[in-house]
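A.B. asks: Below is one structure. I have some questions about it.
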Amino acid sequence: ATDFGIDKALKTLGVKDINDGTSTGSNNFSNGDIIESYSPVDGQLIGKVKATTKEDYQVVMEAATSAFKTWRLMPAPQRGEIVRQFGEKLREKKEALGKLVSYEMGKSYQEGLGEVQEMIDICDFAVGLSRQLHGLTMHSERPGHRMYEQYHPLGVVGIISAFNFPVAVWSWNTALAWICGDVCVWKPSEKTPICGIACQNIAAEVFAENNLPEGISCLINGDYKVGEYMTKDKRIPLISATGSTRMGKIVAQEVGGRLGKSLLELGGNNAIIVTPDADIKMTVIGAVFGAVGTAGQRCTSTRRLIIHDSVYDKVKHAVVDAYKQLRIGNPLDEKNHVGPLIDIDAVAMYNNALNKVVAEGGNIVVEGGVLSGEGYESGCYVKPAIAEAKPEFEIVQHETFAPVLYLLKYSGDVENAIDIQNNVAQGLSSAIMTNNLREAERFLSQAGSDCGIANVNIGTSGAEIGGAFGGEKETGGGRESGSDAWKIYMRRQTNTINYTTELPLAQGIKFDL
Ligand code: UN1
């Protein structure tokens, strides 16, 4: 790994003492069990961190709640200035952080850089937004009265994020939460804890340079049990959780049980509809990047191609041909397209999906398999696979976080394809490839795609931060990132002011004393 500059990157990111059990970052109060982080790239130990104990957690929450008291008083545009500086630091450390993301998570270096770019983009977005936390003014029905609404900071925001976007998802939440006047407590995935430390260090530098308490950004480490400290904690009004639907249901019930808010961004089962009027070349690029990018471990990864029978063979052959060109290997080596899966458990799930689709009657058209030998020592490298399947197969209904693409056939109208697409439990991202205006508009209409993201002539993955990101049904309904997603990070207040010497009641009620 040294060849690819990992040691230098860790140094740039301030990750210290990486092998003695104390991969300490800034503001790390953890004293619990040791969590080891092994790279799926080469199987080497990257570092160890300590899990956060219940007692450590109390210390963290004290830092957070006390920081909130000062942070919320700073004018929002000044908070925006802090986020601007944070974005600048990310620009300086983009290569180092992109490299660590690639090494700890396994996505290609290009995608690691892309993830840091998403962080920079959300910072820029948040800076502008810090002057636009607008409420409305309304006309009161009573004379001499003024009515308006305002948005106030919410408090401590708990963030639970997944291994697949180990740094960007945190920033989508923090950049907005910070300009909104909130402070954040983050539990990164226990599979990518070193990325968490690197991010915390960058944030801590900015806070220190501005004489602000580091409690504005807090880090906790551990598995779901540590996440539970937050979901059960009444001091945390909002939990933003990204991960599996199974996890999301537990979080939603726990947080809902105390009437807290949750922002959930869960699984997808994303499809591209390929109509008779599709541009085949564009379809191939969108489908292949969508299916094998991040080794199929994006929540927006393309899982299903729903192809019209009149172009089915043509599309199938074009996609199968493109798969022959894929190079699988060390993701830090820029000539490779596909890196490893996150760990051996993910490899087992991939194998299980391939066995299952065959057992259900599917037909493998691009053979899968686990790679071994030189360069593949970690045991996490798999071949992207394609299977012809039926929409109703159990495995096709299920999100497998791996590069397995299902080819499904439809005939007749685009409505039939939309039915197949919508007929799954998840509702994150969707796409149609067509040059037919009528089909495109039907896909986007109220009777069209039921997903949170619906694209025309673009694949399912690679959303920009300017739009609200998230989905419906078992995807959890939350929206992060752009548009008005900021509103969930604030509390809304309606204010009515009477500047007369009378006290008229609303609805014209008479109450004479
Ligand atoms: C995720 O996989 O959790 O649209 C997020 C995309 C990225 C974000 C994916 N911008 O693929």
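Within each chain, counting starts at residue 1; across the structure tokens, chains are named A, B, ... in the order shown, with ligands numbered 1 upward in that order.
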Quick one: everything within 10 Å of A:Val127, counting only C-alpha atoms, minus sequence neighbours fewer than 3 positions away in the same chain. Send it as a PyMOL selection string.
C.D. replies: chain A and resi 76-85+87+121-124+130-132+175-176+179
A.B. asks: Keeping C-alpha atoms, export the residues of the selection given above as a CSV table (one decimal), in the first residue's frame.
C.D. replies:
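File part.csv, as written:
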```
chain,number,residue,atom,x,y,z
A,76,ALA,CA,-25.9,32.1,10.5
A,77,PRO,CA,-23.8,33.9,7.8
A,78,GLN,CA,-20.8,33.7,10.3
A,79,ARG,CA,-21.5,30.0,10.7
A,80,GLY,CA,-21.4,29.9,6.9
A,81,GLU,CA,-17.9,31.4,7.0
A,82,ILE,CA,-16.7,28.6,9.2
A,83,VAL,CA,-18.2,26.1,6.8
A,84,ARG,CA,-16.4,28.0,4.0
A,85,GLN,CA,-13.1,27.5,5.7
A,87,GLY,CA,-14.5,23.5,2.5
A,121,ASP,CA,-19.8,21.0,-3.1
A,122,ILE,CA,-22.1,20.7,-0.1
A,123,CYS,CA,-19.9,23.2,1.8
A,124,ASP,CA,-20.3,25.7,-1.0
A,130,SER,CA,-26.4,30.4,5.4
A,131,ARG,CA,-27.9,33.7,4.2
A,132,GLN,CA,-31.1,32.1,3.0
A,175,ALA,CA,-22.5,21.2,6.5
A,176,LEU,CA,-26.3,21.9,6.6
A,179,ILE,CA,-25.1,26.6,9.2
```
A.B. asks: Within 8 Å of ligand 1 (counting only C-alpha atoms and all ligand atoms), which residues show up? I'd like them as a list in words.
C.D. replies: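 Those residues are Glu115, Glu118, Ala162, Asn164, Phe165, Val169, Thr242, Gly243, Glu265, Leu266, Gln297, Arg298, Cys299, Thr300, Ser301, Thr460, Ser461, Gly462, Ala463, Glu464, Ile465 and Phe469 of chain A.
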A.B. asks: Using only C-alpha atoms, pick whichever of A:Ile46, A:Val292, A:Ala252, A:Val60 has the shortest atom-to-atom distance to A:Ser240.
C.D. replies: A:Ala252
A.B. asks: Which residues are near A:Ala318? Cut-off 12 Å, only C-alpha atoms, ignore same chain within fewer than 4 positions. Put them as a ChimeraX atom specification.
C.D. replies: /A:279-285,287-288,311-314,322-325
A.B. asks: Those same residues - C-alpha atoms - I'd like them written as a PDB file, in the first residue's frame.
C.D. replies:
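Resulting contents of out13.pdb:
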```pdb
ATOM      1  CA  ASP A 279     -29.517   5.515 -27.263  1.00  0.00           C
ATOM      2  CA  ILE A 280     -27.670   2.234 -26.776  1.00  0.00           C
ATOM      3  CA  LYS A 281     -24.235   3.765 -26.287  1.00  0.00           C
ATOM      4  CA  MET A 282     -25.492   6.042 -23.493  1.00  0.00           C
ATOM      5  CA  THR A 283     -27.422   3.161 -21.991  1.00  0.00           C
ATOM      6  CA  VAL A 284     -24.285   1.045 -21.767  1.00  0.00           C
ATOM      7  CA  ILE A 285     -22.250   3.767 -20.038  1.00  0.00           C
ATOM      8  CA  ALA A 287     -25.819   0.921 -16.816  1.00  0.00           C
ATOM      9  CA  VAL A 288     -22.248  -0.306 -16.465  1.00  0.00           C
ATOM     10  CA  VAL A 311     -34.119  -4.174 -28.241  1.00  0.00           C
ATOM     11  CA  TYR A 312     -33.446  -6.794 -25.584  1.00  0.00           C
ATOM     12  CA  ASP A 313     -30.802  -8.828 -27.441  1.00  0.00           C
ATOM     13  CA  LYS A 314     -29.003  -5.772 -28.724  1.00  0.00           C
ATOM     14  CA  ALA A 322     -18.669  -3.794 -22.068  1.00  0.00           C
ATOM     15  CA  TYR A 323     -18.211  -6.056 -19.009  1.00  0.00           C
ATOM     16  CA  LYS A 324     -15.385  -7.860 -20.868  1.00  0.00           C
ATOM     17  CA  GLN A 325     -13.375  -4.649 -20.686  1.00  0.00           C
TER      18      GLN A 325
END
```
A.B. asks: One decimal, in Å: what's the spacing between atom CA of A:Ile34 and atom CA of A:Gly267?
C.D. replies: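 Atom-to-atom, atom CA of A:Ile34 to atom CA of A:Gly267, that is 28.9 Å.
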A.B. asks: Would you mind reading off the distance between atom CA of A:Ser66 and atom CA of A:Gly196, one decimal, in Å?
C.D. replies: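 Spanning atom CA of A:Ser66 to atom CA of A:Gly196 is a straight-line distance of 22.1 Å.
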A.B. asks: DSSP says helix (DSSP H, G or I) for which residues of stretch 285-506 of chain A? Put them as a PyMOL selection string?
C.D. replies: chain A and resi 285-296+312-324+344-359+395-397+414-422+437-444+485-489+506
A.B. asks: Pick from A:Asn330, A:Asn211, A:Ser189, A:Asn495: nearest to A:Glu374, with only C-alpha atoms counted?
C.D. replies: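 Among the listed residues, A:Asn330 lies closest to A:Glu374.
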A.B. asks: If you run DSSP on the backbone, which residues of stretch 335-434 of chain A are strand (DSSP E), as an MDAnalysis selection string?
C.D. replies: chainID A and resid 363:366 385:388 404:410 426:427 429:433
A.B. asks: Would you kindly return, as a list in words, each protein, DNA or RNA residue with an atom no farther than 9 Å from any atom of A:Lys187, considering only C-alpha atoms and excluding same-chain residues fewer than 3 positions away?
C.D. replies: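 Surrounding residues, per the criterion: Gly158, Ile159, Ile160, Ser161, Glu190, Pro193, Gly196, Cys218, Leu219, Ile220, Asn221, Gly222, Asp223, Val226 and Gly227 of chain A.
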A.B. asks: Grab the residues selected above and save them as a JSON list (two decimals), in the first residue's frame with C-alpha atoms.
C.D. replies:
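See part.json below for the written result:
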```
[["chain", "number", "residue", "atom", "x", "y", "z"],
["A", 158, "GLY", "CA", -26.99, 12.48, 15.65],
["A", 159, "ILE", "CA", -25.50, 11.10, 12.46],
["A", 160, "ILE", "CA", -25.19, 7.38, 11.73],
["A", 161, "SER", "CA", -23.49, 6.69, 8.42],
["A", 190, "GLU", "CA", -17.35, 0.54, 12.34],
["A", 193, "PRO", "CA", -13.46, 4.32, 11.47],
["A", 196, "GLY", "CA", -14.11, 9.24, 10.67],
["A", 218, "CYS", "CA", -18.18, 15.11, 17.89],
["A", 219, "LEU", "CA", -17.13, 11.62, 16.95],
["A", 220, "ILE", "CA", -18.16, 8.35, 18.56],
["A", 221, "ASN", "CA", -17.02, 4.88, 17.49],
["A", 222, "GLY", "CA", -18.60, 1.48, 17.56],
["A", 223, "ASP", "CA", -21.34, -0.73, 16.20],
["A", 226, "VAL", "CA", -23.17, 2.76, 20.27],
["A", 227, "GLY", "CA", -25.72, 4.07, 17.77]]
```
A.B. asks: Could you pull the residues within 9 Å of A:Pro391, counting only C-alpha atoms, minus those fewer than 6 positions along the same chain, as a PyMOL selection string?
C.D. replies: chain A and resi 304+306+397+406-409+420-421+423-424
A.B. asks: Atom CA of A:Gly379 to atom CA of A:Val320: how many Å, to one decimal?
C.D. replies: 24.6 Å
A.B. asks: Hey, what's within 8 Å of stretch 137-149 of chain A if we count only C-alpha atoms and toss same-chain stuff fewer than 5 positions away? As a PyMOL selection string, please?
C.D. replies: chain A and resi 492-500+504-506
A.B. asks: Pick out the closest residue to A:Thr192 from this set: A:Leu100, A:Leu513, A:Leu428, A:Ala385. Count only C-alpha atoms.
C.D. replies: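 Once distances to A:Thr192 are computed over only C-alpha atoms, the minimum belongs to A:Leu100.
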A.B. asks: Can you pull out every residue within 9 Å of A:Lys487, counting only C-alpha atoms, but drop anything in the same chain fewer than 2 positions away, and send it as a list in words?
C.D. replies: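 Selected residues are Leu133, Tyr151, Cys180, Asp484, Ala485, Tyr489, Met490, Arg491 and Arg492 of chain A.
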A.B. asks: Pull N, CA and C atoms from the residues just selected and write them as a PDB file, in the first residue's frame.
C.D. replies:
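Okay, part-v7.pdb is ready:
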```pdb
ATOM      1  N   LEU A 133     -31.857  31.183   5.084  1.00  0.00           N
ATOM      2  CA  LEU A 133     -32.700  30.307   5.912  1.00  0.00           C
ATOM      3  C   LEU A 133     -34.047  30.996   6.108  1.00  0.00           C
ATOM      4  N   TYR A 151     -37.026  30.138  11.487  1.00  0.00           N
ATOM      5  CA  TYR A 151     -36.386  28.840  11.722  1.00  0.00           C
ATOM      6  C   TYR A 151     -35.261  29.020  12.722  1.00  0.00           C
ATOM      7  N   CYS A 180     -27.190  25.726  10.079  1.00  0.00           N
ATOM      8  CA  CYS A 180     -28.480  25.868  10.767  1.00  0.00           C
ATOM      9  C   CYS A 180     -28.309  26.147  12.259  1.00  0.00           C
ATOM     10  N   ASP A 484     -34.543  22.069  -0.271  1.00  0.00           N
ATOM     11  CA  ASP A 484     -34.885  22.570   1.064  1.00  0.00           C
ATOM     12  C   ASP A 484     -34.676  21.521   2.155  1.00  0.00           C
ATOM     13  N   ALA A 485     -33.747  20.579   1.894  1.00  0.00           N
ATOM     14  CA  ALA A 485     -33.483  19.530   2.891  1.00  0.00           C
ATOM     15  C   ALA A 485     -33.048  20.131   4.236  1.00  0.00           C
ATOM     16  N   TYR A 489     -33.331  20.256   9.771  1.00  0.00           N
ATOM     17  CA  TYR A 489     -32.306  20.524  10.786  1.00  0.00           C
ATOM     18  C   TYR A 489     -32.654  21.727  11.670  1.00  0.00           C
ATOM     19  N   MET A 490     -33.862  22.290  11.473  1.00  0.00           N
ATOM     20  CA  MET A 490     -34.239  23.473  12.253  1.00  0.00           C
ATOM     21  C   MET A 490     -35.623  23.269  12.857  1.00  0.00           C
ATOM     22  N   ARG A 491     -35.908  24.059  13.874  1.00  0.00           N
ATOM     23  CA  ARG A 491     -37.275  24.037  14.394  1.00  0.00           C
ATOM     24  C   ARG A 491     -37.985  25.285  13.903  1.00  0.00           C
ATOM     25  N   ARG A 492     -39.241  25.101  13.530  1.00  0.00           N
ATOM     26  CA  ARG A 492     -40.006  26.181  12.926  1.00  0.00           C
ATOM     27  C   ARG A 492     -40.895  26.818  13.983  1.00  0.00           C
TER      28      ARG A 492
END
```
A.B. asks: From the options A:Gln110, A:Thr294, A:Thr400, A:Ser449, which residue's atoms come nearest to A:Gly427, counting only C-alpha atoms?
C.D. replies: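 Closest to A:Gly427, using only C-alpha atoms: A:Ser449.
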